[in-house]
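So this block is upload11.cif, mmCIF, C-alpha atoms and all ligand atoms:
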```
data_upload
loop_
_atom_site.label_atom_id
_atom_site.label_comp_id
_atom_site.auth_asym_id
_atom_site.auth_seq_id
_atom_site.Cartn_x
_atom_site.Cartn_y
_atom_site.Cartn_z
CA MET A 31 105.13 5.29 72.10
CA VAL A 32 101.37 5.48 72.45
CA THR A 33 98.56 2.95 72.26
CA PHE A 34 94.97 3.75 71.30
CA LEU A 35 91.99 1.51 72.17
CA SER A 36 89.51 1.69 69.31
CA GLY A 37 86.04 0.57 68.37
CA GLY A 38 83.12 1.92 66.35
CA THR A 39 83.64 5.32 64.76
CA GLY A 40 84.74 7.57 67.67
CA THR A 41 88.37 6.54 68.01
CA PRO A 42 88.96 6.22 64.24
CA LYS A 43 87.73 9.83 63.91
CA LEU A 44 90.23 10.90 66.58
CA LEU A 45 92.99 8.94 64.82
CA ASP A 46 92.56 11.26 61.84
CA GLY A 47 94.46 13.83 63.92
CA ALA A 48 96.78 11.54 65.85
CA ALA A 49 99.75 11.87 63.51
CA ILE A 50 100.21 15.56 64.39
CA SER A 51 101.28 14.54 67.90
CA PHE A 52 102.20 10.87 67.66
CA SER A 53 104.44 9.46 64.95
CA PRO A 54 102.64 6.58 63.14
CA ASP A 55 105.58 4.23 63.62
CA GLU A 56 105.33 4.80 67.38
CA THR A 57 101.56 4.30 67.45
CA THR A 58 99.73 1.06 68.16
CA VAL A 59 95.97 0.71 67.83
CA ILE A 60 94.16 -2.15 69.55
CA ALA A 61 90.78 -2.87 67.97
CA ASN A 62 87.64 -4.31 69.49
CA THR A 63 86.58 -7.67 68.07
CA GLY A 64 83.42 -8.21 70.16
CA ASP A 65 81.39 -6.87 67.21
CA ASP A 66 82.79 -9.47 64.81
CA VAL A 67 80.38 -11.90 63.19
CA GLU A 68 80.56 -14.86 60.89
CA LEU A 69 78.07 -14.23 58.09
CA GLY A 70 77.58 -16.91 55.47
CA GLY A 71 80.86 -18.47 56.60
CA LEU A 72 82.94 -15.26 56.34
CA LEU A 73 84.47 -13.59 59.37
CA ILE A 74 83.66 -9.89 59.39
CA SER A 75 85.65 -7.72 61.77
CA PRO A 76 84.06 -4.25 61.51
CA ASP A 77 86.20 -2.35 63.99
CA VAL A 78 89.42 -3.77 62.56
CA ASP A 79 88.26 -3.07 59.01
CA THR A 80 87.32 0.56 59.65
CA LEU A 81 90.93 1.13 60.76
CA ILE A 82 92.34 -0.80 57.79
CA PHE A 83 90.21 1.10 55.26
CA GLN A 84 90.94 4.42 57.01
CA GLY A 85 94.71 3.77 57.00
CA GLY A 86 94.53 2.61 53.39
CA GLY A 87 92.65 5.77 52.36
CA VAL A 88 89.62 3.86 51.04
CA LEU A 89 87.17 4.21 53.95
CA ASP A 90 83.61 5.31 53.28
CA ARG A 91 83.85 8.42 55.44
CA GLU A 92 80.12 9.11 55.32
CA ARG A 93 79.26 5.90 57.17
CA TRP A 94 82.68 5.20 58.75
CA TRP A 95 82.46 1.55 57.71
CA GLY A 96 83.03 -0.24 54.43
CA VAL A 97 84.89 0.93 51.32
CA LYS A 98 84.02 4.25 49.65
CA GLY A 99 82.24 3.86 46.34
CA ASP A 100 81.88 0.10 46.88
CA THR A 101 79.28 -1.78 44.87
CA THR A 102 76.85 -4.22 46.50
CA ARG A 103 76.08 -6.63 43.67
CA THR A 104 76.51 -9.81 45.70
CA ASN A 105 74.51 -8.45 48.62
CA THR A 106 71.68 -7.44 46.24
CA ALA A 107 71.78 -10.85 44.55
CA LEU A 108 71.55 -12.56 47.95
CA HIS A 109 68.40 -10.58 48.74
CA ASP A 110 66.86 -11.21 45.32
CA ILE A 111 67.42 -14.95 45.36
CA GLY A 112 66.39 -15.28 49.03
CA GLU A 113 63.17 -13.39 48.39
CA ALA A 114 62.38 -15.47 45.28
CA MET A 115 62.90 -18.60 47.36
CA GLY A 116 60.70 -17.27 50.18
CA LEU A 117 63.56 -17.52 52.69
CA ASP A 118 63.20 -15.83 56.06
CA GLU A 119 64.20 -12.18 55.99
CA GLY A 120 66.49 -12.79 58.99
CA PRO A 121 68.83 -12.15 60.66
CA THR A 122 69.11 -15.91 61.03
CA PHE A 123 71.36 -16.68 63.99
CA LEU A 124 72.41 -20.29 63.48
CA PRO A 125 71.02 -22.88 65.92
CA GLU A 126 72.72 -23.22 69.30
CA GLU A 127 74.61 -26.42 68.44
CA LYS A 128 76.05 -24.76 65.32
CA GLN A 129 77.44 -21.87 67.36
CA THR A 130 80.22 -24.02 68.76
CA GLU A 131 80.90 -26.13 65.65
CA GLY A 132 83.42 -25.06 63.01
CA ARG A 133 85.92 -22.23 63.39
CA ASP A 134 86.49 -21.39 67.06
CA ILE A 135 86.89 -17.70 66.26
CA ALA A 136 83.21 -17.53 65.19
CA GLU A 137 81.67 -19.04 68.33
CA TRP A 138 78.37 -17.44 69.42
CA ARG A 139 78.32 -15.01 66.49
CA ARG A 140 77.46 -17.26 63.59
CA PHE A 141 74.74 -16.06 61.18
CA SER A 142 73.31 -17.46 57.99
CA GLY A 143 74.31 -15.57 54.85
CA ALA A 144 70.89 -16.14 53.30
CA ARG A 145 69.27 -12.72 52.76
CA GLU A 146 72.47 -11.30 54.28
CA PHE A 147 71.31 -8.93 57.03
CA MET A 148 74.41 -6.72 56.97
CA GLU A 149 75.23 -4.86 53.78
CA ILE A 150 78.57 -6.23 52.68
CA GLY A 151 80.09 -4.35 49.76
CA ASP A 152 81.85 -6.30 47.02
CA ARG A 153 85.34 -5.00 47.75
CA ASP A 154 84.69 -5.24 51.50
CA ARG A 155 83.72 -8.89 50.94
CA ALA A 156 87.07 -9.53 49.26
CA VAL A 157 88.71 -8.64 52.58
CA HIS A 158 86.41 -11.05 54.46
CA ILE A 159 87.11 -13.87 52.00
CA THR A 160 90.85 -13.25 52.33
CA ARG A 161 90.71 -13.02 56.14
CA THR A 162 88.62 -16.17 56.50
CA SER A 163 90.72 -18.13 54.02
CA LEU A 164 93.96 -17.22 55.81
CA LEU A 165 92.39 -18.18 59.14
CA ASP A 166 91.41 -21.53 57.61
CA GLN A 167 95.01 -21.96 56.45
CA GLY A 168 96.01 -21.82 60.13
CA HIS A 169 96.91 -18.16 60.64
CA THR A 170 95.71 -16.33 63.72
CA LEU A 171 93.47 -13.28 63.59
CA SER A 172 96.37 -11.04 64.63
CA GLU A 173 98.61 -12.46 61.89
CA VAL A 174 95.91 -11.95 59.27
CA THR A 175 95.18 -8.44 60.56
CA ASP A 176 98.86 -7.58 60.27
CA GLU A 177 99.01 -8.92 56.70
CA LEU A 178 95.87 -7.02 55.71
CA ALA A 179 97.17 -3.84 57.35
CA LYS A 180 100.43 -4.13 55.39
CA GLY A 181 98.47 -4.82 52.20
CA PHE A 182 96.51 -1.60 52.70
CA GLY A 183 99.72 0.34 53.45
CA LEU A 184 99.09 1.10 57.15
CA THR A 185 101.97 2.75 58.97
CA ILE A 186 100.63 2.25 62.51
CA ASP A 187 100.66 -1.14 64.28
CA LEU A 188 97.15 -2.60 64.31
CA LEU A 189 96.30 -5.41 66.73
CA PRO A 190 92.98 -7.14 67.35
CA MET A 191 92.30 -7.32 71.10
CA SER A 192 92.40 -11.14 71.08
CA ASP A 193 92.89 -14.11 68.77
CA ASP A 194 90.13 -15.88 70.70
CA PRO A 195 86.37 -15.55 70.19
CA VAL A 196 84.64 -12.90 72.30
CA ALA A 197 81.03 -12.28 71.26
CA SER A 198 79.17 -9.15 72.40
CA LEU A 199 75.70 -10.45 73.22
CA ILE A 200 72.92 -8.08 74.25
CA HIS A 201 70.30 -9.46 76.63
CA THR A 202 67.07 -7.61 75.85
CA ASP A 203 63.39 -7.78 76.71
CA GLU A 204 63.05 -9.67 73.40
CA GLY A 205 65.74 -12.21 74.16
CA VAL A 206 69.48 -12.41 73.73
CA MET A 207 70.98 -11.28 70.43
CA HIS A 208 74.41 -10.51 69.03
CA PHE A 209 75.34 -6.79 68.99
CA GLN A 210 75.13 -6.67 65.17
CA GLU A 211 71.58 -8.01 65.22
CA PHE A 212 70.63 -5.52 67.98
CA TRP A 213 72.27 -2.61 66.12
CA VAL A 214 71.96 -3.28 62.39
CA ALA A 215 68.74 -5.30 62.19
CA ARG A 216 66.86 -3.91 65.19
CA GLY A 217 68.16 -0.33 65.23
CA ALA A 218 68.95 -0.63 68.99
CA GLU A 219 65.20 -0.68 69.69
CA PRO A 220 64.86 -3.62 72.11
CA SER A 221 65.29 -2.58 75.71
CA VAL A 222 68.68 -3.68 77.08
CA GLU A 223 68.79 -5.73 80.27
CA SER A 224 72.47 -6.64 80.35
CA VAL A 225 75.52 -7.04 78.14
CA GLU A 226 77.60 -10.21 77.97
CA PHE A 227 81.00 -10.73 76.35
CA ARG A 228 80.71 -14.45 75.78
CA GLY A 229 84.05 -16.23 75.64
CA SER A 230 85.94 -13.36 77.31
CA SER A 231 86.83 -15.20 80.52
CA SER A 232 88.83 -17.80 78.60
CA ALA A 233 90.20 -15.38 75.99
CA GLU A 234 93.76 -14.11 76.05
CA PRO A 235 95.05 -10.75 74.85
CA ALA A 236 96.49 -11.09 71.33
CA PRO A 237 100.28 -11.17 71.03
CA GLY A 238 101.67 -7.67 71.50
CA VAL A 239 98.62 -6.32 73.32
CA LEU A 240 100.04 -6.39 76.86
CA ASP A 241 103.35 -4.92 75.67
CA ALA A 242 101.44 -2.14 73.90
CA LEU A 243 99.48 -1.48 77.11
CA ALA A 244 102.72 -0.85 78.98
CA GLU A 245 102.95 2.41 76.99
CA ASP A 246 100.78 5.51 77.44
CA VAL A 247 97.21 4.56 76.55
CA VAL A 248 94.50 6.68 74.94
CA ILE A 249 90.90 5.50 74.98
CA GLY A 250 89.19 7.39 72.19
CA PRO A 251 85.55 8.56 72.18
CA SER A 252 84.22 5.07 71.46
CA ASN A 253 81.24 3.39 73.11
CA PRO A 254 82.56 2.44 76.58
CA VAL A 255 80.26 -0.59 76.78
CA THR A 256 80.31 -2.30 73.39
CA SER A 257 83.50 -0.90 71.85
CA ILE A 258 85.86 -0.80 74.84
CA GLY A 259 83.97 -3.14 77.23
CA PRO A 260 84.91 -6.34 75.35
CA MET A 261 88.62 -5.47 75.70
CA LEU A 262 88.28 -4.80 79.42
CA ALA A 263 86.60 -8.20 79.80
CA VAL A 264 89.65 -10.05 78.45
CA PRO A 265 91.71 -11.13 81.49
CA GLY A 266 94.89 -9.11 81.85
CA ILE A 267 93.83 -6.03 79.89
CA ALA A 268 92.17 -4.03 82.71
CA ASP A 269 95.03 -5.00 85.07
CA ALA A 270 97.52 -3.63 82.55
CA LEU A 271 95.54 -0.37 82.33
CA TRP A 272 95.75 0.12 86.11
CA GLU A 273 99.54 -0.02 85.76
CA THR A 274 99.96 2.59 83.03
CA ASN A 275 98.97 6.18 82.14
CA VAL A 276 95.47 6.20 80.68
CA VAL A 277 93.71 9.19 79.15
CA ALA A 278 90.10 8.69 78.03
CA VAL A 279 88.17 10.95 75.68
CA SER A 280 84.49 11.35 76.47
CA PRO A 281 82.04 10.25 73.78
CA PHE A 282 79.41 12.55 75.34
CA VAL A 283 78.67 16.18 74.57
CA GLU A 284 76.31 17.65 77.18
CA GLY A 285 75.06 14.20 78.14
CA GLU A 286 74.37 13.30 74.52
CA ALA A 287 76.40 10.53 72.92
CA PHE A 288 78.01 11.34 69.55
CA SER A 289 76.51 8.32 67.91
CA GLY A 290 75.15 4.87 68.47
CA PRO A 291 73.21 3.29 71.32
CA VAL A 292 75.51 4.46 74.11
CA ALA A 293 73.02 5.72 76.69
CA GLN A 294 70.91 2.61 77.20
CA LEU A 295 74.01 0.40 77.14
CA MET A 296 75.72 2.53 79.82
CA GLU A 297 72.61 2.29 82.01
CA ALA A 298 72.51 -1.48 81.52
CA VAL A 299 76.00 -1.78 83.05
CA GLY A 300 75.16 0.54 85.95
CA ALA A 301 76.98 3.63 84.65
CA GLU A 302 75.44 7.07 84.20
CA PRO A 303 74.76 7.70 80.49
CA ASN A 304 76.94 10.81 80.41
CA SER A 305 80.55 11.81 81.05
CA ALA A 306 80.13 11.16 84.81
CA GLY A 307 79.66 7.50 83.86
CA LEU A 308 83.18 7.44 82.42
CA GLU A 309 84.70 7.17 85.89
CA THR A 310 82.57 4.04 86.43
CA ALA A 311 83.43 2.59 83.02
CA TYR A 312 87.14 3.51 83.23
CA PRO A 313 88.09 3.44 86.94
CA PHE A 314 91.78 3.19 85.93
CA ALA A 315 91.74 6.42 83.88
CA ASP A 316 94.29 9.01 85.05
CA ALA A 317 92.76 11.91 83.12
CA LEU A 318 89.73 12.66 80.98
CA ILE A 319 89.12 14.85 77.95
CA VAL A 320 85.63 16.32 78.19
CA ASP A 321 83.67 18.91 76.31
CA GLU A 322 84.29 22.58 77.07
CA ASP A 323 80.60 22.96 78.05
CA ASP A 324 80.64 19.96 80.40
CA ASP A 325 80.34 21.07 84.06
CA THR A 326 80.57 17.58 85.58
CA GLU A 327 82.98 17.29 88.51
CA PHE A 328 85.56 14.52 88.25
CA ASP A 329 88.03 12.95 90.68
CA VAL A 330 90.80 12.90 88.06
CA PRO A 331 92.38 15.78 86.11
CA VAL A 332 90.37 16.97 83.14
CA VAL A 333 91.36 18.76 79.94
CA LYS A 334 88.48 20.58 78.26
CA THR A 335 88.04 21.33 74.60
CA ASP A 336 85.33 21.19 71.98
CA ILE A 337 85.32 17.40 71.65
CA GLU A 338 82.99 17.08 68.67
CA ILE A 339 84.97 15.61 65.77
CA ASP A 340 83.60 16.26 62.28
CA ASP A 341 86.84 16.75 60.38
CA ARG A 342 90.62 16.48 60.61
CA GLU A 343 90.93 19.93 62.18
CA ASP A 344 88.63 18.81 65.02
CA ALA A 345 90.63 15.60 65.38
CA ALA A 346 93.86 17.61 65.63
CA ARG A 347 92.36 19.83 68.35
CA VAL A 348 91.24 16.85 70.45
CA THR A 349 94.62 15.16 69.88
CA LYS A 350 96.34 18.25 71.29
CA ALA A 351 94.13 17.97 74.39
CA VAL A 352 95.10 14.29 74.70
CA GLU A 353 98.77 15.21 74.47
CA ALA A 354 98.34 17.86 77.19
CA ALA A 355 96.53 15.36 79.45
CA LEU A 356 99.26 12.75 78.97
CA GLU A 357 101.91 15.33 79.88
CA GLU A 358 99.96 16.10 83.05
CA VAL A 359 99.69 12.48 84.22
CA ARG A 360 103.18 11.26 83.25
N1 LIG B 1 76.11 -0.94 59.97
C1 LIG B 1 74.83 -0.79 59.65
O1 LIG B 1 74.13 0.02 60.29
N2 LIG B 1 74.25 -1.51 58.63
C2 LIG B 1 74.97 -2.40 57.89
O2 LIG B 1 74.43 -3.05 56.98
C3 LIG B 1 76.36 -2.56 58.21
C4 LIG B 1 77.17 -3.42 57.49
C5 LIG B 1 78.55 -3.48 57.80
C6 LIG B 1 79.39 -4.27 57.03
C7 LIG B 1 80.75 -4.32 57.30
C8 LIG B 1 81.25 -3.55 58.35
O3 LIG B 1 82.57 -3.60 58.62
C9 LIG B 1 80.44 -2.76 59.12
C10 LIG B 1 79.08 -2.71 58.86
N3 LIG B 1 78.23 -1.90 59.61
C11 LIG B 1 76.89 -1.79 59.28
C12 LIG B 1 78.75 -1.14 60.77
C13 LIG B 1 78.74 -1.95 62.07
O4 LIG B 1 77.51 -2.54 62.32
C14 LIG B 1 78.92 -1.14 63.35
O5 LIG B 1 78.80 0.21 63.16
C15 LIG B 1 80.16 -1.46 64.04
O6 LIG B 1 80.25 -2.82 64.37
C16 LIG B 1 80.28 -0.63 65.30
O7 LIG B 1 81.56 -0.60 65.53
#
```
Entire entry expressed as structure tokens:
Amino acid sequence: MVTFLSGGTGTPKLLDGAAISFSPDETTVIANTGDDVELGGLLISPDVDTLIFQGGGVLDRERWWGVKGDTTRTNTALHDIGEAMGLDEGPTFLPEEKQTEGRDIAEWRRFSGAREFMEIGDRDRAVHITRTSLLDQGHTLSEVTDELAKGFGLTIDLLPMSDDPVASLIHTDEGVMHFQEFWVARGAEPSVESVEFRGSSSAEPAPGVLDALAEDVVIGPSNPVTSIGPMLAVPGIADALWETNVVAVSPFVEGEAFSGPVAQLMEAVGAEPNSAGLETAYPFADALIVDEDDDTEFDVPVVKTDIEIDDREDAARVTKAVEAALEEVR
């Protein structure tokens, strides 16, 4: 049995190769939900959905989010009508008092849907309508995730990190904003002062998460701060990782992150923005997978390979390195 911690695009790319070493029915993937937002009343769970669309064979593999070939008619119509009405271009984060009204799961991540600031495809939106409707019928996020995963034909177990709201808020020189506003609307331009996972201290791991963390754990090459950080902030998760075998794959090649705003986020949490920072971000890791050209010295065992993942062959190579590292630390 093996459990992957996943967020963003790095770990999903690795999962493309996972089945060569780990049987899907013995694989659990725990997804970050700190990136989730409520947009126009719909709960969007990007890191969960990338895994659902990937497992269902419908992922847009150019962007690594959304459904391939999706249309955007509703999104376009929202922009057209909003512009004609002279509505603010947004993103419009709802007023403070509205952040804690309504569905608990959407606390501190509630945006107006007027001039929708994230591009939501039409088929993607059908998932958000279904998810939100089932939540409103009284199901938990993990129950709905399981139903969606089955609907898309997933063979792995997919769990959200928590059924409680945890909002990744970025404190910047231009004020505090949700991660999606910082990333999608502002292109990670504002300078980051600190990162907060609001709600995390009173959140609980979703059912099944702690059991899954009793198995060997693989942290894929996801952003340690905004993809994995929210999970580590949920009480009980980091403690469980200290108790088990953990192998982490570096998201850095020669000090450069694969993608996304990793460097300035790492610095904001006091970690070096390169593979050396992994030991700060993941002090419980028993082994690391780093790039073959990485000369950093580590306190824990290291397996080196070309860690850049552009296709399934790359994913298989990195998976083999993960398997070797797990054998070493068991
Ligand atoms: N990323 C963007 O850069 N622009 C978008 O408009 C956008 C829309 C979007 C809609 C649904 C979804 O599941 C993901 C979406 N993403 C978009 C990706 C997302 O912002 C991040 O890459 C992830 O949250 C990082 O894990």
Given all atoms listed in the file as the basis, pick out the residue of A:Ala236, A:Ile135, A:Val333, A:Ala48 nearest to Asp66 of chain A. A:Ile135
Can you tell me which residues surround Phe227 of chain A at a distance of at most 9 Å, considering all atoms listed in the file, apart from same-chain residues fewer than 4 positions away, and format the answer as a list of chain:residue names?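 Result of the neighbour search: A:Gly64, A:Val196, A:Ala197, A:Ser198, A:Leu199, A:Ile200, A:Ser231, A:Thr256, A:Gly259, A:Pro260, A:Ala263, A:Val264.
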Given 7 Å and only C-alpha atoms and all ligand atoms, residues near ligand LIG 1 (chain B) as JSON, numbers by chain: {"A": [37, 38, 39, 65, 74, 75, 76, 77, 79, 80, 95, 96, 147, 148, 149, 150, 210, 213, 214, 257]}
Just write the chosen residues, C-alpha atoms, as a CSV table (one decimal), in the frame of the given file.
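Now in result-v1.csv:
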```csv
chain,number,residue,atom,x,y,z
A,37,GLY,CA,86.0,0.6,68.4
A,38,GLY,CA,83.1,1.9,66.4
A,39,THR,CA,83.6,5.3,64.8
A,65,ASP,CA,81.4,-6.9,67.2
A,74,ILE,CA,83.7,-9.9,59.4
A,75,SER,CA,85.6,-7.7,61.8
A,76,PRO,CA,84.1,-4.2,61.5
A,77,ASP,CA,86.2,-2.4,64.0
A,79,ASP,CA,88.3,-3.1,59.0
A,80,THR,CA,87.3,0.6,59.6
A,95,TRP,CA,82.5,1.6,57.7
A,96,GLY,CA,83.0,-0.2,54.4
A,147,PHE,CA,71.3,-8.9,57.0
A,148,MET,CA,74.4,-6.7,57.0
A,149,GLU,CA,75.2,-4.9,53.8
A,150,ILE,CA,78.6,-6.2,52.7
A,210,GLN,CA,75.1,-6.7,65.2
A,213,TRP,CA,72.3,-2.6,66.1
A,214,VAL,CA,72.0,-3.3,62.4
A,257,SER,CA,83.5,-0.9,71.8
```
Nearest to Thr349 of chain A by atom-to-atom distance, counting all atoms listed in the file, from A:Ala179, A:Ala278, A:Ala270, A:Val225: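 Distance minimum relative to Thr349 of chain A lands on A:Ala278.
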For Val292 of chain A, which of A:Gly40, A:Asp193, A:Ile50, A:Glu358 is the closest residue, counting all atoms listed in the file? A:Gly40
Have a look at A:Ser192, A:Asp241, A:Glu137, A:Val157 and name the one nearest to Glu177 of chain A; count only C-alpha atoms.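 Going through A:Ser192, A:Asp241, A:Glu137, A:Val157 one by one, the smallest distance to Glu177 of chain A is for A:Val157.
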Would you list the contacts of Asp324 of chain A as a PyMOL selection string, taking every protein, DNA or RNA residue within 12 Å and counting only C-alpha atoms, but skipping same-chain residues closer than 5 positions in sequence? chain A and resi 280-286+304-306+318-319+332-337
Using all atoms listed in the file, which residue out of A:Glu131, A:Gly87, A:Ile339, A:Arg153 lies closest to Thr101 of chain A?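 Among A:Glu131, A:Gly87, A:Ile339, A:Arg153, it is A:Arg153 that comes nearest to Thr101 of chain A.
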Using all atoms listed in the file, which residues sit within 10 Å of Ala311 of chain A once same-chain residues fewer than 5 positions away are excluded, as a list of chain:residue names?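 My reading of the contact set: A:Pro254, A:Val255, A:Ile258, A:Gly259, A:Leu262, A:Met296, A:Val299, A:Gly300, A:Ala301, A:Glu302, A:Ser305, A:Ala306.
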Write a file of the selected residues as a PDB file, in the frame of the given file, keeping C-alpha atoms.
```pdb
ATOM      1  CA  PRO A 254      82.560   2.440  76.580  1.00  0.00           C
ATOM      2  CA  VAL A 255      80.260  -0.590  76.780  1.00  0.00           C
ATOM      3  CA  ILE A 258      85.860  -0.800  74.840  1.00  0.00           C
ATOM      4  CA  GLY A 259      83.970  -3.140  77.230  1.00  0.00           C
ATOM      5  CA  LEU A 262      88.280  -4.800  79.420  1.00  0.00           C
ATOM      6  CA  MET A 296      75.720   2.530  79.820  1.00  0.00           C
ATOM      7  CA  VAL A 299      76.000  -1.780  83.050  1.00  0.00           C
ATOM      8  CA  GLY A 300      75.160   0.540  85.950  1.00  0.00           C
ATOM      9  CA  ALA A 301      76.980   3.630  84.650  1.00  0.00           C
ATOM     10  CA  GLU A 302      75.440   7.070  84.200  1.00  0.00           C
ATOM     11  CA  SER A 305      80.550  11.810  81.050  1.00  0.00           C
ATOM     12  CA  ALA A 306      80.130  11.160  84.810  1.00  0.00           C
TER      13      ALA A 306
END
```
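The residue that comes closest to Leu188 of chain A, out of A:Ser172, A:Thr162, A:Thr202, A:Gln167 and on the basis of only C-alpha atoms, is A:Ser172.
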